[in-house]
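Step one of this worksheet: look at the structure below.
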Amino acid sequence: AANGGFFGQGKAYVFAWQPPAWVSDGVLEADDAGLSDGFGTTVTIEDDIVVVGAPLFDRSSAIDEGAAYVFQRDNSGDWLLRSALRASDGASGYRFGAALDIQGNEVVVGAPGAANLRGAVYVFARSGNEWNASGQIVADVGQAGEAFGNAFAYAGTDLIIGAPDQDNVNGQGAGRVYLYERVVETWAFASTLLATNRVVQAHFGTSVAMSDSLALIGANGNDGDSGDHMVNEHTN
């Protein structure tokens, strides 16, 4: 990895609640980690499956291509590395693993430097103990440097993806959020969200979260760089 301030290989620590306290349940490492790969920059967990991102992972001459690792706890309680995920078209600067989420038998991974710097989100489906690429999402109206995939949230059949550096009618770097809906085995574009106030460099979509019919969008440069957040309600 070329930069990022990470000097070690990185680790992820698992803790389990055993009343009355949280106790150490495992330490996770990548079997091919290098210095400054940023392993542990992003993490997500569901039941006994953990995914850890290393967005500054280098593969051969591809600097900061990024990677993500899927671990699963076996019947003896040990955490085993099941899959090392990569972008099928990976290249330098992709930062694959900058954002992660897992739901059921799918893992979603963001790569804000992919697709000629437009950004992309990659979907992986579980087959036994393996995780295989099953789809890729690129914004239809995306632009280079908008950081699409730097943050997203996955809930039910909805996926919202931030592009916090996009230039649009709200100004340079105002940001945008894209909404996608699951249609059979594919993700279909549904709509986009913009901040209700026009602020240059607002970076709307820096962070996103979903709960039921509500979407929460962070804009850390809004209102004179003091930051802001907005809540949108989704109705079918």
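In the structure tokens, the first chain shown is A, the next is B, and so on; residue numbers restart at 1 for each chain, and ligands run from 1 in the order shown.
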All residues 9 Å or closer to Ala155 (chain A), only C-alpha atoms, same chain fewer than 2 positions away omitted, as a PyMOL selection string: chain A and resi 103+153+157-160+210-212
Written file, previous selection with N, CA and C atoms, as a CSV table (one decimal), in the first residue's frame:
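Contents of selection.csv, freshly written:
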chain,number,residue,atom,x,y,z
A,103,GLN,N,-25.6,-9.4,4.3
A,103,GLN,CA,-27.0,-9.7,4.7
A,103,GLN,C,-27.3,-11.1,4.1
A,153,ALA,N,-25.6,1.2,2.6
A,153,ALA,CA,-26.4,0.5,3.6
A,153,ALA,C,-27.3,-0.5,2.8
A,157,THR,N,-34.6,-5.5,0.7
A,157,THR,CA,-34.4,-5.5,-0.8
A,157,THR,C,-34.0,-4.1,-1.3
A,158,ASP,N,-33.5,-3.3,-0.4
A,158,ASP,CA,-33.0,-1.9,-0.7
A,158,ASP,C,-31.5,-1.8,-0.4
A,159,LEU,N,-30.9,-1.1,-1.3
A,159,LEU,CA,-29.5,-0.8,-1.2
A,159,LEU,C,-29.3,0.7,-1.5
A,160,ILE,N,-28.8,1.5,-0.6
A,160,ILE,CA,-28.5,2.9,-0.8
A,160,ILE,C,-27.0,3.1,-0.8
A,210,MET,N,-29.7,2.7,7.1
A,210,MET,CA,-31.1,2.4,6.8
A,210,MET,C,-31.8,1.7,8.0
A,211,SER,N,-33.0,2.0,8.2
A,211,SER,CA,-33.8,1.2,9.2
A,211,SER,C,-35.3,1.3,8.7
A,212,ASP,N,-35.8,0.1,8.4
A,212,ASP,CA,-37.2,0.1,7.9
A,212,ASP,C,-37.4,1.0,6.7
Taking a cut-off of 12 Å and counting only C-alpha atoms, can you build a table that, for each residue of region 17-89 of chain A near region 106-109 of chain A, reports the nearest atom pair and how far apart they are in Å (one decimal), sorted by chain then residue number, as a Markdown table?
| residue | atom | partner | partner_atom | distance |
| --- | --- | --- | --- | --- |
| A:Thr42 | CA | A:Val109 | CA | 10.1 |
| A:Val43 | CA | A:Val109 | CA | 10.7 |
| A:Thr44 | CA | A:Val107 | CA | 9.5 |
| A:Ile45 | CA | A:Val107 | CA | 10.2 |
| A:Glu46 | CA | A:Val107 | CA | 10.3 |
| A:Ile49 | CA | A:Val107 | CA | 10.3 |
| A:Val50 | CA | A:Val107 | CA | 10.1 |
| A:Val51 | CA | A:Val107 | CA | 8.2 |
| A:Val52 | CA | A:Val109 | CA | 10.2 |
| A:Gly53 | CA | A:Val109 | CA | 8.5 |
| A:Ala54 | CA | A:Val109 | CA | 11.0 |
| A:Pro55 | CA | A:Val109 | CA | 10.1 |
| A:Gly66 | CA | A:Val109 | CA | 10.3 |
| A:Ala67 | CA | A:Val109 | CA | 9.1 |
| A:Ala68 | CA | A:Val109 | CA | 7.8 |
| A:Tyr69 | CA | A:Val107 | CA | 10.4 |
| A:Val70 | CA | A:Val107 | CA | 9.0 |
| A:Phe71 | CA | A:Val107 | CA | 11.9 |
| A:Ser83 | CA | A:Val107 | CA | 11.3 |
| A:Ala84 | CA | A:Val107 | CA | 11.9 |
| A:Leu85 | CA | A:Val109 | CA | 8.9 |
| A:Arg86 | CA | A:Val109 | CA | 9.3 |
| A:Ala87 | CA | A:Val109 | CA | 8.9 |
Please produce an output containing all heavy atoms for each residue in the selection, written as a compact mmCIF listing (two decimals), in the first residue's frame.
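Heads up, here's the output in selection.txt:
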# COMPACT_ATOMS: atom_id res chain seq x y z
N THR A 42 -12.37 -1.62 7.68
CA THR A 42 -13.81 -1.80 7.69
C THR A 42 -14.13 -3.22 8.15
O THR A 42 -13.38 -4.16 7.86
CB THR A 42 -14.42 -1.58 6.30
OG1 THR A 42 -13.70 -2.37 5.34
CG2 THR A 42 -14.35 -0.12 5.90
N VAL A 43 -15.22 -3.37 8.86
CA VAL A 43 -15.65 -4.70 9.33
C VAL A 43 -17.18 -4.77 9.31
O VAL A 43 -17.87 -3.76 9.42
CB VAL A 43 -15.16 -5.01 10.77
CG1 VAL A 43 -13.64 -5.09 10.81
CG2 VAL A 43 -15.66 -3.96 11.75
N THR A 44 -17.69 -5.96 9.16
CA THR A 44 -19.12 -6.20 9.30
C THR A 44 -19.32 -7.64 9.77
O THR A 44 -18.46 -8.50 9.53
CB THR A 44 -19.87 -5.95 7.97
OG1 THR A 44 -21.28 -6.05 8.19
CG2 THR A 44 -19.46 -6.93 6.90
N ILE A 45 -20.42 -7.89 10.47
CA ILE A 45 -20.64 -9.21 11.05
C ILE A 45 -22.12 -9.55 11.00
O ILE A 45 -22.98 -8.67 11.16
CB ILE A 45 -20.11 -9.26 12.50
CG1 ILE A 45 -20.25 -10.68 13.09
CG2 ILE A 45 -20.83 -8.24 13.37
CD1 ILE A 45 -19.54 -10.82 14.44
N GLU A 46 -22.42 -10.79 10.74
CA GLU A 46 -23.77 -11.32 10.85
C GLU A 46 -23.67 -12.76 11.33
O GLU A 46 -23.06 -13.59 10.66
CB GLU A 46 -24.52 -11.24 9.52
CG GLU A 46 -25.98 -11.70 9.64
CD GLU A 46 -26.74 -11.56 8.34
OE1 GLU A 46 -26.59 -12.43 7.46
OE2 GLU A 46 -27.49 -10.57 8.20
N ILE A 49 -20.48 -15.09 10.77
CA ILE A 49 -19.69 -14.72 9.60
C ILE A 49 -19.21 -13.29 9.77
O ILE A 49 -19.99 -12.38 10.09
CB ILE A 49 -20.50 -14.86 8.31
CG1 ILE A 49 -20.88 -16.33 8.09
CG2 ILE A 49 -19.71 -14.34 7.11
CD1 ILE A 49 -21.74 -16.57 6.88
N VAL A 50 -17.93 -13.09 9.57
CA VAL A 50 -17.29 -11.78 9.69
C VAL A 50 -16.60 -11.46 8.37
O VAL A 50 -15.98 -12.32 7.75
CB VAL A 50 -16.24 -11.78 10.83
CG1 VAL A 50 -15.39 -10.53 10.78
CG2 VAL A 50 -16.93 -11.90 12.18
N VAL A 51 -16.72 -10.20 7.94
CA VAL A 51 -16.01 -9.73 6.75
C VAL A 51 -15.14 -8.56 7.17
O VAL A 51 -15.59 -7.65 7.87
CB VAL A 51 -16.97 -9.30 5.63
CG1 VAL A 51 -16.20 -9.03 4.34
CG2 VAL A 51 -18.04 -10.36 5.39
N VAL A 52 -13.88 -8.59 6.74
CA VAL A 52 -12.91 -7.55 7.10
C VAL A 52 -12.31 -6.96 5.82
O VAL A 52 -11.86 -7.70 4.94
CB VAL A 52 -11.78 -8.12 7.99
CG1 VAL A 52 -10.82 -7.01 8.40
CG2 VAL A 52 -12.36 -8.81 9.21
N GLY A 53 -12.31 -5.64 5.74
CA GLY A 53 -11.76 -4.98 4.57
C GLY A 53 -10.31 -4.56 4.74
O GLY A 53 -9.88 -4.20 5.84
N ALA A 54 -9.57 -4.60 3.63
CA ALA A 54 -8.19 -4.11 3.56
C ALA A 54 -8.08 -3.28 2.29
O ALA A 54 -7.53 -3.71 1.28
CB ALA A 54 -7.21 -5.27 3.54
N PRO A 55 -8.62 -2.05 2.30
CA PRO A 55 -8.74 -1.27 1.06
C PRO A 55 -7.43 -0.81 0.45
O PRO A 55 -7.42 -0.34 -0.69
CB PRO A 55 -9.60 -0.08 1.49
CG PRO A 55 -9.41 0.03 2.97
CD PRO A 55 -9.24 -1.37 3.46
N GLY A 66 -6.96 -3.19 -3.05
CA GLY A 66 -7.91 -3.52 -2.01
C GLY A 66 -8.35 -4.97 -2.02
O GLY A 66 -8.25 -5.67 -3.03
N ALA A 67 -8.84 -5.42 -0.87
CA ALA A 67 -9.31 -6.78 -0.71
C ALA A 67 -10.27 -6.84 0.47
O ALA A 67 -10.32 -5.93 1.30
CB ALA A 67 -8.14 -7.74 -0.47
N ALA A 68 -11.04 -7.92 0.53
CA ALA A 68 -11.91 -8.18 1.68
C ALA A 68 -11.84 -9.67 2.00
O ALA A 68 -11.66 -10.50 1.10
CB ALA A 68 -13.35 -7.76 1.39
N TYR A 69 -11.99 -10.01 3.26
CA TYR A 69 -11.80 -11.38 3.72
C TYR A 69 -13.01 -11.84 4.51
O TYR A 69 -13.50 -11.13 5.39
CB TYR A 69 -10.54 -11.47 4.59
CG TYR A 69 -9.28 -11.03 3.86
CD1 TYR A 69 -8.95 -9.68 3.80
CD2 TYR A 69 -8.45 -11.95 3.24
CE1 TYR A 69 -7.80 -9.25 3.12
CE2 TYR A 69 -7.30 -11.54 2.57
CZ TYR A 69 -6.99 -10.19 2.51
OH TYR A 69 -5.86 -9.79 1.83
N VAL A 70 -13.49 -13.03 4.18
CA VAL A 70 -14.65 -13.60 4.86
C VAL A 70 -14.18 -14.70 5.81
O VAL A 70 -13.52 -15.66 5.39
CB VAL A 70 -15.65 -14.19 3.86
CG1 VAL A 70 -16.88 -14.74 4.60
CG2 VAL A 70 -16.08 -13.14 2.84
N PHE A 71 -14.54 -14.56 7.08
CA PHE A 71 -14.22 -15.54 8.11
C PHE A 71 -15.51 -16.15 8.63
O PHE A 71 -16.54 -15.48 8.71
CB PHE A 71 -13.46 -14.89 9.28
CG PHE A 71 -12.13 -14.30 8.91
CD1 PHE A 71 -12.05 -13.01 8.40
CD2 PHE A 71 -10.96 -15.02 9.08
CE1 PHE A 71 -10.83 -12.44 8.07
CE2 PHE A 71 -9.72 -14.46 8.76
CZ PHE A 71 -9.66 -13.17 8.25
N SER A 83 -12.94 -17.08 2.41
CA SER A 83 -12.72 -16.51 1.07
C SER A 83 -11.97 -15.20 1.16
O SER A 83 -12.18 -14.41 2.10
CB SER A 83 -14.05 -16.27 0.36
OG SER A 83 -14.72 -17.46 0.04
N ALA A 84 -11.11 -14.97 0.19
CA ALA A 84 -10.47 -13.67 0.01
C ALA A 84 -11.11 -13.05 -1.23
O ALA A 84 -10.98 -13.57 -2.34
CB ALA A 84 -8.97 -13.83 -0.19
N LEU A 85 -11.85 -11.97 -1.04
CA LEU A 85 -12.61 -11.36 -2.12
C LEU A 85 -11.79 -10.29 -2.82
O LEU A 85 -11.07 -9.52 -2.19
CB LEU A 85 -13.90 -10.74 -1.57
CG LEU A 85 -14.77 -11.64 -0.69
CD1 LEU A 85 -16.01 -10.88 -0.26
CD2 LEU A 85 -15.14 -12.92 -1.43
N ARG A 86 -11.92 -10.25 -4.15
CA ARG A 86 -11.23 -9.25 -4.96
C ARG A 86 -12.21 -8.74 -6.02
O ARG A 86 -13.14 -9.44 -6.42
CB ARG A 86 -10.02 -9.85 -5.68
CG ARG A 86 -9.02 -10.57 -4.79
CD ARG A 86 -8.14 -9.61 -4.02
NE ARG A 86 -7.04 -10.30 -3.37
CZ ARG A 86 -7.09 -10.83 -2.16
NH1 ARG A 86 -8.22 -10.73 -1.47
NH2 ARG A 86 -6.05 -11.43 -1.63
N ALA A 87 -11.94 -7.56 -6.52
CA ALA A 87 -12.71 -7.06 -7.67
C ALA A 87 -12.25 -7.81 -8.91
O ALA A 87 -11.05 -7.98 -9.14
CB ALA A 87 -12.47 -5.56 -7.85
Contacts of Gly218 (chain A) at 6 Å (only C-alpha atoms; same-chain gap of 4+ positions) as a ChimeraX atom specification: /A:204-207,229
Selection from above, C-alpha atoms, as a compact mmCIF listing (two decimals), in the first residue's frame, can you write it?
# COMPACT_ATOMS: atom_id res chain seq x y z
CA PHE A 204 -23.81 14.40 1.04
CA GLY A 205 -23.49 10.60 1.19
CA THR A 206 -20.31 10.48 3.26
CA SER A 207 -22.14 8.04 5.54
CA HIS A 229 -27.35 14.86 8.36
Backbone DSSP call of strand (DSSP E or B) for region 52-210 of chain A, listed as an MDAnalysis selection string: chainID A and resid 52:54 59 62 66:73 79:85 96 99:103 106:111 120:127 130:137 151:155 158:163 168 171 176:183 186:193 204:210
Selected residue of minimal separation from Arg59 (chain A) among A:Thr186, A:Ser127, A:Gln143, A:Ser92, counting only C-alpha atoms: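 Among the listed residues, A:Ser92 lies closest to Arg59 (chain A).
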Nearby residues (only C-alpha atoms) at most 10 Å from Asn197 (chain A), same-chain spacing under 3 positions excluded, as a VMD selection string: chain A and resid 170 174 194 200 202 222 to 223
Would you mind exporting N, CA and C atoms of the selected residues as an mmCIF file, in the first residue's frame?
data_model
loop_
_atom_site.group_PDB
_atom_site.id
_atom_site.type_symbol
_atom_site.label_atom_id
_atom_site.label_comp_id
_atom_site.auth_asym_id
_atom_site.auth_seq_id
_atom_site.Cartn_x
_atom_site.Cartn_y
_atom_site.Cartn_z
ATOM 1 N N ASN A 170 -26.369 20.998 -6.941
ATOM 2 C CA ASN A 170 -26.168 21.605 -5.620
ATOM 3 C C ASN A 170 -24.781 22.210 -5.459
ATOM 4 N N ALA A 174 -20.957 18.448 -3.893
ATOM 5 C CA ALA A 174 -22.167 18.467 -3.056
ATOM 6 C C ALA A 174 -22.576 17.064 -2.634
ATOM 7 N N LEU A 194 -30.696 14.013 -3.207
ATOM 8 C CA LEU A 194 -29.806 15.153 -3.048
ATOM 9 C C LEU A 194 -30.158 15.867 -1.752
ATOM 10 N N VAL A 200 -21.902 23.854 -1.533
ATOM 11 C CA VAL A 200 -20.702 23.348 -2.193
ATOM 12 C C VAL A 200 -19.868 22.559 -1.197
ATOM 13 N N ALA A 202 -20.514 19.841 0.311
ATOM 14 C CA ALA A 202 -21.282 19.296 1.437
ATOM 15 C C ALA A 202 -20.947 17.826 1.671
ATOM 16 N N ASN A 222 -21.417 19.965 5.124
ATOM 17 C CA ASN A 222 -22.576 20.853 4.954
ATOM 18 C C ASN A 222 -22.513 22.024 5.930
ATOM 19 N N ASP A 223 -23.142 23.147 5.519
ATOM 20 C CA ASP A 223 -23.311 24.317 6.376
ATOM 21 C C ASP A 223 -21.981 24.847 6.892
#
